[in-house]
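Quick look at target_27.pdb (PDB, C-alpha atoms):
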ATOM      1  CA  MET A   1     -67.501 -59.547  82.855
ATOM      2  CA  LYS A   2     -64.020 -60.067  81.475
ATOM      3  CA  ASN A   3     -64.919 -57.974  78.408
ATOM      4  CA  ALA A   4     -66.226 -55.150  80.614
ATOM      5  CA  THR A   5     -62.979 -55.205  82.620
ATOM      6  CA  ARG A   6     -60.905 -55.008  79.426
ATOM      7  CA  ILE A   7     -63.004 -52.126  78.077
ATOM      8  CA  GLY A   8     -62.642 -50.295  81.413
ATOM      9  CA  ALA A   9     -58.870 -50.803  81.329
ATOM     10  CA  VAL A  10     -58.684 -49.484  77.755
ATOM     11  CA  VAL A  11     -60.806 -46.429  78.644
ATOM     12  CA  THR A  12     -58.582 -45.754  81.668
ATOM     13  CA  ALA A  13     -55.432 -46.098  79.549
ATOM     14  CA  VAL A  14     -56.822 -43.749  76.885
ATOM     15  CA  SER A  15     -57.866 -41.247  79.564
ATOM     16  CA  LEU A  16     -54.384 -41.285  81.083
ATOM     17  CA  LEU A  17     -52.799 -40.847  77.680
ATOM     18  CA  LEU A  18     -55.060 -37.945  76.801
ATOM     19  CA  GLY A  19     -54.491 -36.416  80.232
ATOM     20  CA  GLY A  20     -50.979 -35.817  81.500
ATOM     21  CA  THR A  21     -48.801 -38.428  79.851
ATOM     22  CA  ALA A  22     -49.969 -38.048  76.263
ATOM     23  CA  ALA A  23     -49.696 -34.261  76.324
ATOM     24  CA  ALA A  24     -45.940 -34.619  76.689
ATOM     25  CA  ALA A  25     -45.885 -36.983  73.708
ATOM     26  CA  VAL A  26     -47.550 -34.443  71.391
ATOM     27  CA  THR A  27     -44.679 -32.338  70.058
ATOM     28  CA  LYS A  28     -44.603 -29.748  67.318
ATOM     29  CA  HIS A  29     -42.007 -30.471  64.671
ATOM     30  CA  THR A  30     -40.241 -27.767  62.673
ATOM     31  CA  THR A  31     -38.487 -28.443  59.382
ATOM     32  CA  CYS A  32     -35.217 -26.526  59.083
ATOM     33  CA  TYR A  33     -32.590 -26.308  56.350
ATOM     34  CA  ASN A  34     -28.850 -25.870  56.853
ATOM     35  CA  ILE A  35     -27.907 -22.472  55.394
ATOM     36  CA  LYS A  36     -24.706 -23.746  53.769
ATOM     37  CA  THR A  37     -25.367 -27.391  52.881
ATOM     38  CA  HIS A  38     -29.186 -27.159  52.559
ATOM     39  CA  VAL A  39     -29.558 -30.499  54.338
ATOM     40  CA  LYS A  40     -33.038 -30.833  55.842
ATOM     41  CA  LYS A  41     -33.366 -31.327  59.598
ATOM     42  CA  VAL A  42     -36.543 -31.812  61.637
ATOM     43  CA  VAL A  43     -36.391 -30.384  65.163
ATOM     44  CA  THR A  44     -38.844 -30.537  68.059
ATOM     45  CA  THR A  45     -38.702 -26.815  68.813
ATOM     46  CA  ALA A  46     -40.581 -23.895  67.259
ATOM     47  CA  LYS A  47     -37.337 -22.181  66.212
ATOM     48  CA  CYS A  48     -34.565 -23.510  63.996
ATOM     49  CA  PRO A  49     -31.102 -23.831  65.538
ATOM     50  CA  LYS A  50     -28.312 -21.402  64.625
ATOM     51  CA  GLY A  51     -27.114 -21.945  61.067
ATOM     52  CA  TYR A  52     -30.522 -23.230  59.927
ATOM     53  CA  SER A  53     -33.516 -21.549  58.294
ATOM     54  CA  ARG A  54     -37.202 -22.518  58.030
ATOM     55  CA  LYS A  55     -37.258 -21.407  54.417
ATOM     56  CA  ALA A  56     -36.444 -24.172  51.954
ATOM     57  CA  PRO A  57     -33.705 -23.241  49.498
ATOM     58  CA  VAL A  58     -34.617 -22.463  45.909
ATOM     59  CA  LYS A  59     -32.682 -24.648  43.504
ATOM     60  CA  THR A  60     -31.701 -24.479  39.828
ATOM     61  CA  GLU A  61     -30.811 -27.349  37.576
ATOM     62  CA  ARG A  62     -27.228 -26.041  37.680
ATOM     63  CA  GLY A  63     -26.769 -26.769  41.371
ATOM     64  CA  VAL A  64     -27.130 -23.217  42.699
ATOM     65  CA  THR A  65     -29.340 -22.590  45.720
ATOM     66  CA  VAL A  66     -30.527 -19.423  47.433
ATOM     67  CA  SER A  67     -31.579 -19.216  51.069
ATOM     68  CA  MET A  68     -32.582 -16.510  53.548
ATOM     69  CA  ALA A  69     -33.223 -13.950  50.795
ATOM     70  CA  TRP A  70     -34.731 -10.580  51.772
ATOM     71  CA  VAL A  71     -35.048  -7.106  50.282
ATOM     72  CA  LYS A  72     -34.467  -3.850  52.130
ATOM     73  CA  ALA A  73     -37.646  -1.815  52.620
ATOM     74  CA  LEU A  74     -37.821   1.760  51.401
ATOM     75  CA  ASP A  75     -39.717   3.156  54.359
ATOM     76  CA  THR A  76     -37.640   6.267  53.827
ATOM     77  CA  ALA A  77     -36.921   7.447  50.300
ATOM     78  CA  MET A  78     -33.659   6.481  48.595
ATOM     79  CA  PRO A  79     -34.173   8.516  45.436
ATOM     80  CA  MET A  80     -31.722   8.503  42.565
ATOM     81  CA  SER A  81     -31.887   9.847  39.069
ATOM     82  CA  GLY A  82     -34.692   7.886  37.423
ATOM     83  CA  GLY A  83     -36.409   6.511  40.535
ATOM     84  CA  PHE A  84     -35.781   4.695  43.796
ATOM     85  CA  MET A  85     -33.236   1.976  44.588
ATOM     86  CA  THR A  86     -32.889  -0.828  47.090
ATOM     87  CA  ALA A  87     -30.914  -4.048  47.591
ATOM     88  CA  ALA A  88     -31.424  -7.769  48.158
ATOM     89  CA  PHE A  89     -29.367  -9.891  50.515
ATOM     90  CA  MET A  90     -29.135 -13.696  50.676
ATOM     91  CA  HIS A  91     -26.915 -16.757  50.827
ATOM     92  CA  ILE A  92     -26.055 -18.211  47.419
ATOM     93  CA  SER A  93     -24.608 -21.733  47.530
ATOM     94  CA  ASN A  94     -22.947 -23.494  44.642
ATOM     95  CA  ILE A  95     -23.345 -27.218  45.258
ATOM     96  CA  SER A  96     -22.196 -28.117  41.744
ATOM     97  CA  ASP A  97     -18.670 -29.163  40.731
ATOM     98  CA  ARG A  98     -17.874 -25.960  38.794
ATOM     99  CA  ASP A  99     -17.704 -22.237  39.501
ATOM    100  CA  VAL A 100     -20.665 -20.030  38.564
ATOM    101  CA  THR A 101     -20.818 -16.248  38.183
ATOM    102  CA  LEU A 102     -23.800 -14.085  39.120
ATOM    103  CA  VAL A 103     -23.884 -11.257  36.556
ATOM    104  CA  GLY A 104     -27.228  -9.510  37.137
ATOM    105  CA  GLY A 105     -30.931 -10.043  37.272
ATOM    106  CA  ALA A 106     -34.389  -8.862  36.329
ATOM    107  CA  ALA A 107     -37.507  -7.721  38.167
ATOM    108  CA  ALA A 108     -40.880  -6.462  36.960
ATOM    109  CA  TRP A 109     -40.750  -3.790  39.681
ATOM    110  CA  ALA A 110     -37.191  -2.556  38.940
ATOM    111  CA  PRO A 111     -36.024  -1.776  35.390
ATOM    112  CA  MET A 112     -32.325  -2.163  36.295
ATOM    113  CA  VAL A 113     -30.824  -5.021  38.366
ATOM    114  CA  GLN A 114     -27.068  -5.245  38.955
ATOM    115  CA  VAL A 115     -24.575  -7.079  41.145
ATOM    116  CA  HIS A 116     -22.879  -4.551  43.444
ATOM    117  CA  GLU A 117     -20.015  -4.420  45.884
ATOM    118  CA  VAL A 118     -19.045  -1.884  48.532
ATOM    119  CA  MET A 119     -15.551  -0.411  48.296
ATOM    120  CA  ASN A 120     -14.485   2.188  50.882
ATOM    121  CA  GLY A 121     -18.112   2.897  51.777
ATOM    122  CA  MET A 122     -19.132   3.376  48.128
ATOM    123  CA  MET A 123     -21.552   1.036  46.330
ATOM    124  CA  GLN A 124     -20.604   0.260  42.763
ATOM    125  CA  GLN A 125     -21.303  -2.353  40.123
ATOM    126  CA  LYS A 126     -19.045  -5.378  40.634
ATOM    127  CA  PRO A 127     -16.863  -5.758  37.533
ATOM    128  CA  GLY A 128     -17.370  -9.182  35.962
ATOM    129  CA  GLY A 129     -20.059 -10.134  38.479
ATOM    130  CA  LEU A 130     -19.774 -12.318  41.583
ATOM    131  CA  THR A 131     -18.126 -15.728  41.212
ATOM    132  CA  ILE A 132     -19.328 -18.455  43.554
ATOM    133  CA  LYS A 133     -16.737 -21.224  43.620
ATOM    134  CA  ALA A 134     -17.804 -24.867  43.426
ATOM    135  CA  GLY A 135     -18.783 -26.153  46.854
ATOM    136  CA  TYR A 136     -18.877 -22.689  48.455
ATOM    137  CA  THR A 137     -21.515 -20.280  49.750
ATOM    138  CA  GLU A 138     -21.406 -16.508  49.205
ATOM    139  CA  SER A 139     -23.234 -14.344  51.732
ATOM    140  CA  LEU A 140     -24.671 -11.192  50.189
ATOM    141  CA  GLN A 141     -25.088  -8.674  53.002
ATOM    142  CA  ALA A 142     -25.292  -4.980  53.791
ATOM    143  CA  GLY A 143     -21.866  -3.383  53.543
ATOM    144  CA  GLY A 144     -20.676  -6.038  51.092
ATOM    145  CA  ASN A 145     -21.795  -7.760  47.905
ATOM    146  CA  HIS A 146     -25.509  -7.459  47.128
ATOM    147  CA  VAL A 147     -28.049  -7.368  44.309
ATOM    148  CA  MET A 148     -29.059  -3.781  43.519
ATOM    149  CA  PHE A 149     -32.481  -2.778  42.141
ATOM    150  CA  MET A 150     -32.495   0.626  40.470
ATOM    151  CA  ASN A 151     -34.795   3.108  38.681
ATOM    152  CA  MET A 152     -37.764   1.793  40.635
ATOM    153  CA  PRO A 153     -40.925   3.844  39.979
ATOM    154  CA  LYS A 154     -42.185   3.266  43.537
ATOM    155  CA  LYS A 155     -40.956   2.122  46.942
ATOM    156  CA  VAL A 156     -41.113  -1.417  48.266
ATOM    157  CA  LEU A 157     -42.412  -1.474  51.826
ATOM    158  CA  ALA A 158     -41.916  -3.716  54.840
ATOM    159  CA  GLY A 159     -44.336  -6.628  54.737
ATOM    160  CA  ASP A 160     -44.367  -6.858  50.934
ATOM    161  CA  GLU A 161     -43.113  -9.956  49.124
ATOM    162  CA  VAL A 162     -41.283  -9.474  45.829
ATOM    163  CA  THR A 163     -40.094 -11.773  43.064
ATOM    164  CA  PHE A 164     -36.916 -11.312  41.070
ATOM    165  CA  ILE A 165     -34.629 -13.312  38.797
ATOM    166  CA  LEU A 166     -30.907 -13.877  39.276
ATOM    167  CA  LYS A 167     -28.928 -14.264  36.050
ATOM    168  CA  PHE A 168     -25.680 -16.204  35.691
ATOM    169  CA  ALA A 169     -22.881 -15.965  33.112
ATOM    170  CA  ASP A 170     -23.632 -19.459  31.760
ATOM    171  CA  GLY A 171     -27.203 -18.432  30.888
ATOM    172  CA  GLY A 172     -28.742 -19.951  34.008
ATOM    173  CA  GLN A 173     -31.544 -18.121  35.787
ATOM    174  CA  LEU A 174     -33.043 -18.507  39.225
ATOM    175  CA  THR A 175     -36.395 -17.047  40.332
ATOM    176  CA  VAL A 176     -36.403 -15.888  43.956
ATOM    177  CA  LYS A 177     -39.309 -14.793  46.176
ATOM    178  CA  ALA A 178     -38.234 -12.677  49.115
ATOM    179  CA  PRO A 179     -39.873 -10.738  51.945
ATOM    180  CA  VAL A 180     -39.277  -7.007  52.254
ATOM    181  CA  LYS A 181     -37.897  -6.006  55.663
ATOM    182  CA  SER A 182     -37.030  -2.771  57.444
ATOM    183  CA  THR A 183     -33.441  -2.334  58.596
ATOM    184  CA  ASN A 184     -31.051   0.440  59.561
ATOM    185  CA  SER A 185     -28.084  -1.242  57.882
ATOM    186  CA  GLY A 186     -26.581  -0.293  54.555
ATOM    187  CA  SER A 187     -25.899   3.437  54.577
ATOM    188  CA  GLU A 188     -23.359   3.323  51.763
ATOM    189  CA  THR A 189     -23.129   5.991  49.055
ATOM    190  CA  TYR A 190     -23.911   5.004  45.473
ATOM    191  CA  LYS A 191     -21.204   5.418  42.829
ATOM    192  CA  PRO A 192     -22.760   5.241  39.329
ATOM    193  CA  SER A 193     -21.151   2.861  36.816
ATOM    194  CA  MET A 194     -18.987   4.490  34.200
TER     195      MET A 194
END
What is this file in structure tokens?
Amino acid sequence: MKNATRIGAVVTAVSLLLGGTAAAAVTKHTTCYNIKTHVKKVVTTAKCPKGYSRKAPVKTERGVTVSMAWVKALDTAMPMSGGFMTAAFMHISNISDRDVTLVGGAAAWAPMVQVHEVMNGMMQQKPGGLTIKAGYTESLQAGGNHVMFMNMPKKVLAGDEVTFILKFADGGQLTVKAPVKSTNSGSETYKPSM
């Protein structure tokens, strides 16, 4: 009889846990990464807090990380002599103890990849590339510094995912996978390099 009582108590406890009380104990966890420091944080909400991203940073052996990378969709044509062009935006963090300089890139889908800046509303190649100081993060964004893909034979469309390589002055390379997104930002005029 004592065993039956214990079994009944266990069944009751399990039923209560599976009913109301246990439901509150089952929580979805989301892994987030700090955009600047790349420190991992697990939260009990579906969304990451401000300053964090769900996407894990991509890292090189040289201490450079990329987070929140995306490429602007060409839902409307941006033709130029030789094909289409678009841009990539991201956060590039240098967690090493020395400065690094982003000088260009490569992509199977774009024959020409350059580092660009916007000066007085005009996009142009950034002379000498983009230096990311040791311990700092550079935000590449519309209206500012960005990676430019040129002479593309076809458009990239929202929903696509593309892969490209970032190249640094010290010979380092970083492969990045990024989603293609639609946006209304970035209506600068292109100024060809001399």
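Put simply, the PyMOL selection byres ((chain A and resi 135) around 6) on this file hits Asn94, Ile95, Ala134 and Tyr136 of chain A.
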### Query
So which residues get picked by the PyMOL selection byres ((chain A and resi 117) around 6) here, written as JSON, numbers by chain?
{"A": [116, 118, 123, 124, 126, 144, 145]}
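Considering the residues A:Thr31, A:Thr45, A:Thr163, A:Thr101 and counting only C-alpha atoms, Val64 in chain A has its shortest atom-to-atom contact with A:Thr101.
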### Message
Please compute the CA of Thr131 in chain A-CA of Lys36 in chain A distance, one decimal, in Å.
### Response
16.3 Å
Using all atoms listed in the file, I'd like a table of the residues in range 112-146 of chain A that come within 12 Å of range 168-177 of chain A; for each, show the closest atom pair and its distance in Å rounded to one decimal, ordered by chain and ascending number, as JSON lines.
{"residue": "A:Gln114", "atom": "CA", "partner": "A:Phe168", "partner_atom": "CA", "distance": 11.5}
{"residue": "A:Val115", "atom": "CA", "partner": "A:Phe168", "partner_atom": "CA", "distance": 10.7}
{"residue": "A:Gly128", "atom": "CA", "partner": "A:Ala169", "partner_atom": "CA", "distance": 9.2}
{"residue": "A:Gly129", "atom": "CA", "partner": "A:Ala169", "partner_atom": "CA", "distance": 8.4}
{"residue": "A:Leu130", "atom": "CA", "partner": "A:Phe168", "partner_atom": "CA", "distance": 9.2}
{"residue": "A:Thr131", "atom": "CA", "partner": "A:Phe168", "partner_atom": "CA", "distance": 9.4}
{"residue": "A:Ile132", "atom": "CA", "partner": "A:Phe168", "partner_atom": "CA", "distance": 10.4}
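A straight line drawn from CA of Gly105 in chain A to CA of Phe164 in chain A is 7.2 Å long.
Between CA of Met90 in chain A and CA of Val39 in chain A the interatomic distance comes to 17.2 Å.
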## Note on the structure
Among A:Thr137, A:Ser67, A:Thr86, A:Asn120, Pro153 in chain A is approached most closely, using all atoms listed in the file, by A:Thr86
